[in-house]
Amino acid sequence: MKHDSFETKAVPVLVPMPAERPYTYAVPAGMSVVPGSIVRVPLGPREVAGIVWDGPGEAVDARKLRAISHVFDCPPVDQAMRRFVDWIASYTLSPPGMVARMILRAPEAFDPEPWVEGLQRAANDPDRMTAARARVLEMASDGMAWTRSGLAHAAGVSSTVIDGLKAQGVFETVMIPPRPVVAAPDPTYGKAELIGDQDIAAKELRGKGEAGGFSVTLLDGVTGSGKTEVYFEAVAAALEKGKQVLILLPEIALTQAFLERFQDRFGAKPAEWHSDLAPKKRERVWRQLAEGGVRVVAGARSALFLPFKELGLIVVDEEHDPAYKQEDRVFYNARDMAVVRGHIGGFPVVLASATPSVESRVNASQGRYGRAVLSARFAEAALPDIKSIDLRRAPPARGGFLSPVLVDHMRRTLEREEQSLLFLNRRGYAPLTLCRVCGHRFQCPSCSAWLVEHRFRGQLVCHHCGHNEKRPEACPECGTLDHLVACGPGVERIAEEVVGHFPDARTIVLSSDMMGGVKRLRLELEAIAKGEADIVIGTQLVAKGHNFPNMTLVGVIDADLGLANGDPRAAERTFQLLSQVTGRAGRTGKKSLGLLQTYQPEHPVMRAIVSGDAEAFYEREILEREKSALPPFGRLAGIIVSADNRPDAESHARLLRRAAPPARDIHVLGPAEAPLAMVAGRHRFRLLVQGDRPADMQGYLRAMLANGPKIRGSVRVQVDIDPQSFL
DNA sequence: AGCACGCCGACT
DNA sequence: GTCGGCGTGCTC
């Protein structure tokens, strides 16, 4: 008898939980695994999917060692992807297991898709011929295999007809491979005519694709300049080289229009990947991507962790969009991770935006990224003329929020039978409700934010946690009836005012809490594009990518909103949002206008929007400020990045400053801002604090705080991670 | 992440 | 007397 078990191998396996390193598992005799194999392993009381990692498994107590129970029949996770996981884990200070978990989120796809039963014409002829049978035979005369229901449907007969023919041996059963989830894109299909800047940019991107190797290009083009058509050329180049392509989009669920544009160019839709995807479809996309059947994926940030077989290009559209940041579990920005993935895989990355982020601008200006600029709008689409309305000089009527100047322009737009868009980034009727008698303010019981009145629903709603309650008639504090007063505007309230001014206009409100969900929203957007509304009042979601050909006026109700909330990126964010919103106007060739209602028309953001000079704005207002606000590296003892929230980090920082001299000069930044600081000031992480597991923080804190008060949350220390070390 | 264990408060 | 809250610890 042989004793192979003495030779039993042990391999490291990353399991989908917050382990700092792979666990070691035994490979049973007769089983073979390679690094990257997706396996099922016992873990505590359950079984989980894990990934065989590189290197020999570290020695582990024989009593603890357990065996891999199954190897999935699935292409192994390739080396580039494994390095990517390790890189992200070390960069984000996350346990590698948690990063691996993001790859393992299509559990059903690890087994091959089953072949389906199909029917194919066999030798026998039917005993009697009927009209229905004739139609079926006609359909099946091509000799191809059909599914039972597919054939019945195509021939317009009931499936019992098929069953009858099968029983007579007219059809035989054959197994057919699973249907591709999307058709193959054709890079030569609908090639667009590119002119001027577009042509130059497209050639540059194509050149980088054809040359191969890692590169990053910032494609910077105003709304309507044909950015998408330009980067489609890079996609075509990658497809021609036989590579797969990933296009990242910030909010894929609402980007139906994008899929259609892609289809117009490539003759087929890309595969979609986002959290709302039906589970069955999810599995099929995952599997066919791993096997190389799917060539292009358009997806949300999680698509970075798909098992591409031969990825050769990543495009990050709207690269500045905050939706690319994941802010739970593993904290990462998909835009930056896309660059890392490109570096590891040795292929080009394209970052596209009309309003590039500070980080990307700096990276481009310092030569780390290439830059292609599309300065003009495509064809006859002119940029809108943008002006600010000084609310101190032209204030709204009492109780209203629309300046007479804006109302006047709306009237003229209506008379020309064109559309107006009013933008206010605030859902509901009023952001605050108070009692005129006792001053009581309605507050959320669980998070203490103001409750927002939603008059249409008759509710008070917390926009932080979703808590909602019925709007009472009387003040809960003093009991006085009918003295509750709504303070400030939300979109519902603006709609009320608009209807007061223009009772005959077709007015519609668009916000994310609209009844009927995403489907209804999509329909409404189409209806508006077809001209079925005169005045649209909308929140942030109208700023994203939709085209309204007859929209010639955009009014921003409160351009100052968001400038005073303490966010270090407030000015940049506001600039981006206002650029995008005003960019909704003027894609028609008609003269169009953007109006900003503001109390501070001299604010740099307003001036930048009005003048259209983004470069100067970024150079003077963002970068210079950023550099002067942060101390140079030599003086910087630490940057604290709070994984949870800012107050948490602030309290940590106070304690650390008090506790230990090396940590005196500590700056608190949200997880989103740390990369910004590092890029702008060329800083390095010295210290990272995460509010999370008390157990993790003790070692460090004990050293730092001889006798300080207790800190809630965890502290982990990481020295000298250079965010640009991959470049 | 999940799950078990364990220790204190309010109840069928 | 139990049920159940979540704090703590463990998983190869």
# chains A, B, ... in the order shown; residues from 1 in each chain; ligands from 1
>>> interface_residues(of="chain A", to="chain C", cutoff="8 Å", atoms="only C-alpha atoms (C1' of nucleotides)", output="list of chain:residue names")
A:Tyr23, A:Thr24, A:Tyr25, A:Leu43, A:Gly44, A:Val60, A:Lys64, A:Leu65, A:Arg66
>>> write_last_selection(atoms="N, CA, C and O atoms", output="PDB file, in the first residue's frame")
ATOM      1  N   TYR A  23      -4.406  31.279   4.376  1.00  0.00           N
ATOM      2  CA  TYR A  23      -4.361  30.118   5.253  1.00  0.00           C
ATOM      3  C   TYR A  23      -3.782  28.954   4.469  1.00  0.00           C
ATOM      4  O   TYR A  23      -3.783  28.958   3.247  1.00  0.00           O
ATOM      5  N   THR A  24      -3.283  27.978   5.204  1.00  0.00           N
ATOM      6  CA  THR A  24      -2.661  26.837   4.548  1.00  0.00           C
ATOM      7  C   THR A  24      -3.611  25.642   4.554  1.00  0.00           C
ATOM      8  O   THR A  24      -4.196  25.325   5.587  1.00  0.00           O
ATOM      9  N   TYR A  25      -3.757  25.048   3.401  1.00  0.00           N
ATOM     10  CA  TYR A  25      -4.610  23.866   3.298  1.00  0.00           C
ATOM     11  C   TYR A  25      -3.839  22.725   2.661  1.00  0.00           C
ATOM     12  O   TYR A  25      -2.944  22.939   1.836  1.00  0.00           O
ATOM     13  N   LEU A  43     -13.881  26.177   6.368  1.00  0.00           N
ATOM     14  CA  LEU A  43     -13.430  27.311   7.181  1.00  0.00           C
ATOM     15  C   LEU A  43     -14.348  27.396   8.387  1.00  0.00           C
ATOM     16  O   LEU A  43     -15.523  27.746   8.247  1.00  0.00           O
ATOM     17  N   GLY A  44     -13.813  27.061   9.550  1.00  0.00           N
ATOM     18  CA  GLY A  44     -14.668  27.014  10.724  1.00  0.00           C
ATOM     19  C   GLY A  44     -15.796  26.030  10.449  1.00  0.00           C
ATOM     20  O   GLY A  44     -15.569  24.949   9.919  1.00  0.00           O
ATOM     21  N   VAL A  60       1.990  24.877   9.361  1.00  0.00           N
ATOM     22  CA  VAL A  60       0.894  25.107  10.285  1.00  0.00           C
ATOM     23  C   VAL A  60       0.705  23.854  11.123  1.00  0.00           C
ATOM     24  O   VAL A  60       1.020  22.748  10.667  1.00  0.00           O
ATOM     25  N   LYS A  64      -4.400  21.604  12.955  1.00  0.00           N
ATOM     26  CA  LYS A  64      -5.237  22.656  12.363  1.00  0.00           C
ATOM     27  C   LYS A  64      -5.441  22.448  10.868  1.00  0.00           C
ATOM     28  O   LYS A  64      -6.439  22.889  10.308  1.00  0.00           O
ATOM     29  N   LEU A  65      -4.429  21.835  10.244  1.00  0.00           N
ATOM     30  CA  LEU A  65      -4.437  21.728   8.791  1.00  0.00           C
ATOM     31  C   LEU A  65      -5.655  20.950   8.293  1.00  0.00           C
ATOM     32  O   LEU A  65      -5.893  19.835   8.721  1.00  0.00           O
ATOM     33  N   ARG A  66      -6.389  21.578   7.386  1.00  0.00           N
ATOM     34  CA  ARG A  66      -7.522  20.877   6.783  1.00  0.00           C
ATOM     35  C   ARG A  66      -7.305  20.813   5.283  1.00  0.00           C
ATOM     36  O   ARG A  66      -6.458  21.502   4.733  1.00  0.00           O
TER      37      ARG A  66
END
>>> interface_residues(of="chain B", to="chain A", cutoff="9 Å", atoms="only C-alpha atoms (C1' of nucleotides)", output="list in words")
DA1, DG2 and DC3 of chain B
>>> select_by_dssp(residues="segment 470-613 of chain A", states="helix (DSSP H, G or I)", output="MDAnalysis selection string")
chainID A and resid 491:501 517:529 540:543 570:582 604:611
>>> select_by_dssp(residues="segment 106-161 of chain A", states="strand (DSSP E or B)", output="ChimeraX atom specification")
/A:116-121,146
>>> write_last_selection(atoms="N, CA and C atoms", output="mmCIF file, in the first residue's frame")
data_model
loop_
_atom_site.group_PDB
_atom_site.id
_atom_site.type_symbol
_atom_site.label_atom_id
_atom_site.label_comp_id
_atom_site.auth_asym_id
_atom_site.auth_seq_id
_atom_site.Cartn_x
_atom_site.Cartn_y
_atom_site.Cartn_z
ATOM 1 N N VAL A 116 -27.070 22.988 -22.860
ATOM 2 C CA VAL A 116 -28.526 22.814 -22.824
ATOM 3 C C VAL A 116 -28.958 21.802 -23.884
ATOM 4 N N GLU A 117 -30.112 21.213 -23.597
ATOM 5 C CA GLU A 117 -30.631 20.202 -24.513
ATOM 6 C C GLU A 117 -31.216 20.895 -25.747
ATOM 7 N N GLY A 118 -30.819 20.450 -26.924
ATOM 8 C CA GLY A 118 -31.344 21.039 -28.149
ATOM 9 C C GLY A 118 -31.887 19.968 -29.072
ATOM 10 N N LEU A 119 -32.577 20.404 -30.105
ATOM 11 C CA LEU A 119 -33.180 19.465 -31.057
ATOM 12 C C LEU A 119 -32.618 19.726 -32.444
ATOM 13 N N GLN A 120 -32.358 18.638 -33.143
ATOM 14 C CA GLN A 120 -31.811 18.774 -34.479
ATOM 15 C C GLN A 120 -32.559 17.819 -35.396
ATOM 16 N N ARG A 121 -32.747 18.225 -36.623
ATOM 17 C CA ARG A 121 -33.460 17.409 -37.596
ATOM 18 C C ARG A 121 -32.753 16.062 -37.737
ATOM 19 N N TRP A 146 -31.838 23.579 -32.308
ATOM 20 C CA TRP A 146 -32.726 24.559 -31.689
ATOM 21 C C TRP A 146 -33.089 24.113 -30.281
#
>>> atom_distance(atom1="atom CA of Phe266 of chain A", atom2="atom CA of Val77 of chain A")
28.6 Å
>>> residues_around(residues="segment 429-439 of chain A", least_positions_apart="2", cutoff="6 Å", atoms="only C-alpha atoms (C1' of nucleotides)", output="count of residues only")
17
>>> atom_distance(atom1="atom CA of Arg261 of chain A", atom2="atom CA of Gly190 of chain A")
10.1 Å
>>> residues_around(residues="segment 198-215 of chain A", least_positions_apart="6", cutoff="9 Å", atoms="only C-alpha atoms (C1' of nucleotides)", output="ChimeraX atom specification")
/A:225-227,229-238,241,312-313,339,342-350,368-374,378
>>> atom_distance(atom1="atom CA of Ala145 of chain A", atom2="atom CA of Val182 of chain A")
19.1 Å
>>> residues_around(residues="Lys530 of chain A", least_positions_apart="6", cutoff="10 Å", atoms="only C-alpha atoms (C1' of nucleotides)", output="CSV table (one decimal) with C-alpha atoms, in the first residue's frame")
chain,number,residue,atom,x,y,z
A,524,GLU,CA,-39.4,60.2,-18.1
A,548,PHE,CA,-32.0,66.9,-24.2
A,549,PRO,CA,-31.8,68.3,-27.7
A,550,ASN,CA,-34.3,71.1,-27.1
>>> decode(residues="chain B", atoms="all heavy atoms", output="compact mmCIF listing (two decimals), in the first residue's frame")
# COMPACT_ATOMS: atom_id res chain seq x y z
P DA B 1 -16.82 43.16 7.98
OP1 DA B 1 -17.71 43.04 9.08
OP2 DA B 1 -15.49 43.63 7.79
O5' DA B 1 -16.86 41.77 7.16
C5' DA B 1 -18.06 41.54 6.46
C4' DA B 1 -18.03 40.14 5.93
O4' DA B 1 -16.85 39.42 6.34
C3' DA B 1 -19.20 39.29 6.42
O3' DA B 1 -19.53 38.39 5.38
C2' DA B 1 -18.65 38.59 7.65
C1' DA B 1 -17.20 38.34 7.21
N9 DA B 1 -16.26 38.41 8.33
C8 DA B 1 -15.83 39.51 8.97
N7 DA B 1 -14.97 39.26 9.92
C5 DA B 1 -14.83 37.89 9.90
C6 DA B 1 -14.06 37.00 10.67
N6 DA B 1 -13.24 37.39 11.65
N1 DA B 1 -14.17 35.68 10.40
C2 DA B 1 -15.00 35.29 9.42
N3 DA B 1 -15.76 36.03 8.64
C4 DA B 1 -15.63 37.34 8.94
P DG B 2 -20.82 37.50 5.46
OP1 DG B 2 -20.74 36.47 4.42
OP2 DG B 2 -21.97 38.40 5.56
O5' DG B 2 -20.71 36.79 6.86
C5' DG B 2 -21.63 35.78 7.11
C4' DG B 2 -20.93 34.69 7.89
O4' DG B 2 -19.79 35.22 8.55
C3' DG B 2 -21.86 34.16 8.99
O3' DG B 2 -21.82 32.76 8.91
C2' DG B 2 -21.24 34.70 10.28
C1' DG B 2 -19.77 34.76 9.88
N9 DG B 2 -18.98 35.69 10.67
C8 DG B 2 -19.11 37.06 10.73
N7 DG B 2 -18.23 37.64 11.52
C5 DG B 2 -17.49 36.57 12.01
C6 DG B 2 -16.40 36.57 12.91
O6 DG B 2 -15.86 37.53 13.47
N1 DG B 2 -15.92 35.28 13.15
C2 DG B 2 -16.43 34.15 12.57
N2 DG B 2 -15.85 32.99 12.91
N3 DG B 2 -17.45 34.13 11.72
C4 DG B 2 -17.93 35.37 11.49
P DC B 3 -23.05 31.95 9.37
OP1 DC B 3 -23.19 30.81 8.46
OP2 DC B 3 -24.17 32.90 9.58
O5' DC B 3 -22.63 31.39 10.79
C5' DC B 3 -21.41 30.65 10.89
C4' DC B 3 -20.93 30.72 12.31
O4' DC B 3 -20.25 31.95 12.54
C3' DC B 3 -22.07 30.66 13.34
O3' DC B 3 -22.02 29.39 13.98
C2' DC B 3 -21.77 31.82 14.29
C1' DC B 3 -20.35 32.20 13.92
N1 DC B 3 -20.00 33.63 14.18
C2 DC B 3 -18.87 33.91 14.93
O2 DC B 3 -18.18 32.98 15.36
N3 DC B 3 -18.56 35.20 15.18
C4 DC B 3 -19.33 36.18 14.69
N4 DC B 3 -18.97 37.44 14.96
C5 DC B 3 -20.49 35.92 13.91
C6 DC B 3 -20.79 34.63 13.68
P DA B 4 -22.91 29.03 15.18
OP1 DA B 4 -23.31 27.63 14.98
OP2 DA B 4 -23.93 30.06 15.44
O5' DA B 4 -21.84 29.11 16.34
C5' DA B 4 -20.68 28.29 16.30
C4' DA B 4 -19.92 28.50 17.60
O4' DA B 4 -19.45 29.87 17.63
C3' DA B 4 -20.76 28.31 18.86
O3' DA B 4 -19.95 27.71 19.86
C2' DA B 4 -21.18 29.71 19.22
C1' DA B 4 -19.95 30.52 18.79
N9 DA B 4 -20.25 31.90 18.44
C8 DA B 4 -21.27 32.36 17.65
N7 DA B 4 -21.28 33.67 17.50
C5 DA B 4 -20.20 34.10 18.24
C6 DA B 4 -19.66 35.37 18.49
N6 DA B 4 -20.19 36.50 17.99
N1 DA B 4 -18.58 35.44 19.28
C2 DA B 4 -18.05 34.31 19.77
N3 DA B 4 -18.46 33.07 19.60
C4 DA B 4 -19.54 33.02 18.82
P DC B 5 -20.56 27.07 21.14
OP1 DC B 5 -20.15 25.65 21.14
OP2 DC B 5 -22.00 27.42 21.18
O5' DC B 5 -19.85 27.83 22.32
C5' DC B 5 -18.50 28.28 22.20
C4' DC B 5 -18.31 29.50 23.07
O4' DC B 5 -18.79 30.67 22.37
C3' DC B 5 -19.08 29.45 24.39
O3' DC B 5 -18.16 29.62 25.45
C2' DC B 5 -20.07 30.61 24.30
C1' DC B 5 -19.36 31.54 23.33
N1 DC B 5 -20.23 32.50 22.60
C2 DC B 5 -19.93 33.88 22.63
O2 DC B 5 -18.94 34.25 23.27
N3 DC B 5 -20.74 34.75 21.97
C4 DC B 5 -21.80 34.29 21.30
N4 DC B 5 -22.55 35.17 20.66
C5 DC B 5 -22.13 32.90 21.24
C6 DC B 5 -21.33 32.04 21.91
P DG B 6 -18.56 29.26 26.94
OP1 DG B 6 -17.39 28.63 27.58
OP2 DG B 6 -19.88 28.60 26.95
O5' DG B 6 -18.76 30.73 27.56
C5' DG B 6 -17.76 31.72 27.38
C4' DG B 6 -18.27 33.06 27.87
O4' DG B 6 -19.07 33.67 26.83
C3' DG B 6 -19.17 32.96 29.11
O3' DG B 6 -18.83 34.00 30.00
C2' DG B 6 -20.57 33.15 28.56
C1' DG B 6 -20.29 34.12 27.40
N9 DG B 6 -21.31 34.13 26.37
C8 DG B 6 -21.99 33.04 25.85
N7 DG B 6 -22.84 33.37 24.90
C5 DG B 6 -22.72 34.75 24.80
C6 DG B 6 -23.40 35.67 23.95
O6 DG B 6 -24.25 35.43 23.10
N1 DG B 6 -22.97 36.98 24.17
C2 DG B 6 -22.02 37.36 25.09
N2 DG B 6 -21.75 38.65 25.16
N3 DG B 6 -21.39 36.51 25.89
C4 DG B 6 -21.78 35.24 25.69
P DC B 7 -18.79 33.69 31.55
OP1 DC B 7 -17.40 33.48 31.96
OP2 DC B 7 -19.82 32.64 31.81
O5' DC B 7 -19.31 35.06 32.19
C5' DC B 7 -18.77 36.31 31.74
C4' DC B 7 -19.90 37.28 31.46
O4' DC B 7 -20.65 36.82 30.32
C3' DC B 7 -20.92 37.44 32.59
O3' DC B 7 -20.89 38.78 33.04
C2' DC B 7 -22.26 37.07 31.95
C1' DC B 7 -21.96 37.29 30.48
N1 DC B 7 -22.86 36.54 29.55
C2 DC B 7 -23.53 37.25 28.53
O2 DC B 7 -23.38 38.47 28.40
N3 DC B 7 -24.35 36.56 27.68
C4 DC B 7 -24.51 35.24 27.82
N4 DC B 7 -25.30 34.62 26.96
C5 DC B 7 -23.84 34.51 28.85
C6 DC B 7 -23.04 35.19 29.68
P DC B 8 -21.54 39.31 34.30
OP1 DC B 8 -20.52 39.55 35.30
OP2 DC B 8 -22.69 38.41 34.64
O5' DC B 8 -22.11 40.72 33.80
C5' DC B 8 -23.12 41.41 34.52
C4' DC B 8 -24.25 41.76 33.58
O4' DC B 8 -24.43 40.71 32.60
C3' DC B 8 -25.60 41.92 34.28
O3' DC B 8 -26.06 43.26 34.19
C2' DC B 8 -26.54 40.96 33.58
C1' DC B 8 -25.79 40.58 32.31
N1 DC B 8 -26.03 39.17 31.88
C2 DC B 8 -26.64 38.92 30.63
O2 DC B 8 -26.99 39.87 29.92
N3 DC B 8 -26.86 37.64 30.25
C4 DC B 8 -26.49 36.64 31.05
N4 DC B 8 -26.71 35.38 30.63
C5 DC B 8 -25.86 36.87 32.31
C6 DC B 8 -25.65 38.13 32.68
P DG B 9 -27.18 43.75 35.06
OP1 DG B 9 -26.84 45.11 35.47
OP2 DG B 9 -27.47 42.72 36.06
O5' DG B 9 -28.42 43.79 34.04
C5' DG B 9 -28.78 44.99 33.35
C4' DG B 9 -29.91 44.69 32.40
O4' DG B 9 -29.74 43.36 31.87
C3' DG B 9 -31.29 44.72 33.06
O3' DG B 9 -32.22 45.36 32.18
C2' DG B 9 -31.64 43.24 33.25
C1' DG B 9 -30.95 42.63 32.02
N9 DG B 9 -30.62 41.22 32.20
C8 DG B 9 -29.89 40.66 33.23
N7 DG B 9 -29.75 39.37 33.10
C5 DG B 9 -30.43 39.05 31.93
C6 DG B 9 -30.63 37.80 31.30
O6 DG B 9 -30.24 36.69 31.65
N1 DG B 9 -31.38 37.92 30.13
C2 DG B 9 -31.88 39.11 29.65
N2 DG B 9 -32.58 39.06 28.52
N3 DG B 9 -31.70 40.29 30.23
C4 DG B 9 -30.97 40.18 31.37
P DA B 10 -33.66 45.58 32.55
OP1 DA B 10 -33.97 47.02 32.39
OP2 DA B 10 -34.01 44.89 33.81
O5' DA B 10 -34.31 44.78 31.32
C5' DA B 10 -35.51 45.19 30.72
C4' DA B 10 -36.39 43.99 30.51
O4' DA B 10 -35.61 42.78 30.71
C3' DA B 10 -37.58 43.90 31.47
O3' DA B 10 -38.87 44.03 30.84
C2' DA B 10 -37.43 42.56 32.19
C1' DA B 10 -36.41 41.81 31.33
N9 DA B 10 -35.55 40.95 32.17
C8 DA B 10 -34.88 41.30 33.30
N7 DA B 10 -34.19 40.30 33.83
C5 DA B 10 -34.44 39.23 33.00
C6 DA B 10 -34.01 37.90 33.02
N6 DA B 10 -33.19 37.40 33.95
N1 DA B 10 -34.42 37.09 32.03
C2 DA B 10 -35.24 37.58 31.08
N3 DA B 10 -35.72 38.84 30.96
C4 DA B 10 -35.27 39.61 31.96
P DC B 11 -39.28 43.61 29.37
OP1 DC B 11 -38.13 42.81 29.00
OP2 DC B 11 -39.66 44.87 28.73
O5' DC B 11 -40.59 42.69 29.28
C5' DC B 11 -41.01 41.88 30.36
C4' DC B 11 -40.84 40.40 30.00
O4' DC B 11 -39.58 39.96 30.51
C3' DC B 11 -41.90 39.51 30.61
O3' DC B 11 -42.92 39.30 29.65
C2' DC B 11 -41.17 38.21 30.89
C1' DC B 11 -39.69 38.61 30.93
N1 DC B 11 -39.04 38.52 32.27
C2 DC B 11 -38.49 37.30 32.68
O2 DC B 11 -38.59 36.33 31.92
N3 DC B 11 -37.90 37.21 33.89
C4 DC B 11 -37.83 38.30 34.68
N4 DC B 11 -37.22 38.16 35.85
C5 DC B 11 -38.38 39.55 34.28
C6 DC B 11 -38.98 39.61 33.09
P DT B 12 -44.37 38.88 30.11
OP1 DT B 12 -45.24 40.00 29.72
OP2 DT B 12 -44.31 38.42 31.51
O5' DT B 12 -44.67 37.64 29.18
C5' DT B 12 -44.37 37.69 27.77
C4' DT B 12 -44.07 36.29 27.32
O4' DT B 12 -42.87 35.84 27.97
C3' DT B 12 -45.13 35.25 27.65
O3' DT B 12 -46.03 35.11 26.56
C2' DT B 12 -44.35 33.97 27.86
C1' DT B 12 -42.95 34.46 28.24
N1 DT B 12 -42.58 34.25 29.68
C2 DT B 12 -41.62 33.31 30.00
O2 DT B 12 -41.10 32.62 29.16
N3 DT B 12 -41.35 33.21 31.33
C4 DT B 12 -41.90 33.95 32.36
O4 DT B 12 -41.56 33.77 33.53
C5 DT B 12 -42.89 34.91 31.97
C7 DT B 12 -43.57 35.76 33.01
C6 DT B 12 -43.19 35.02 30.65
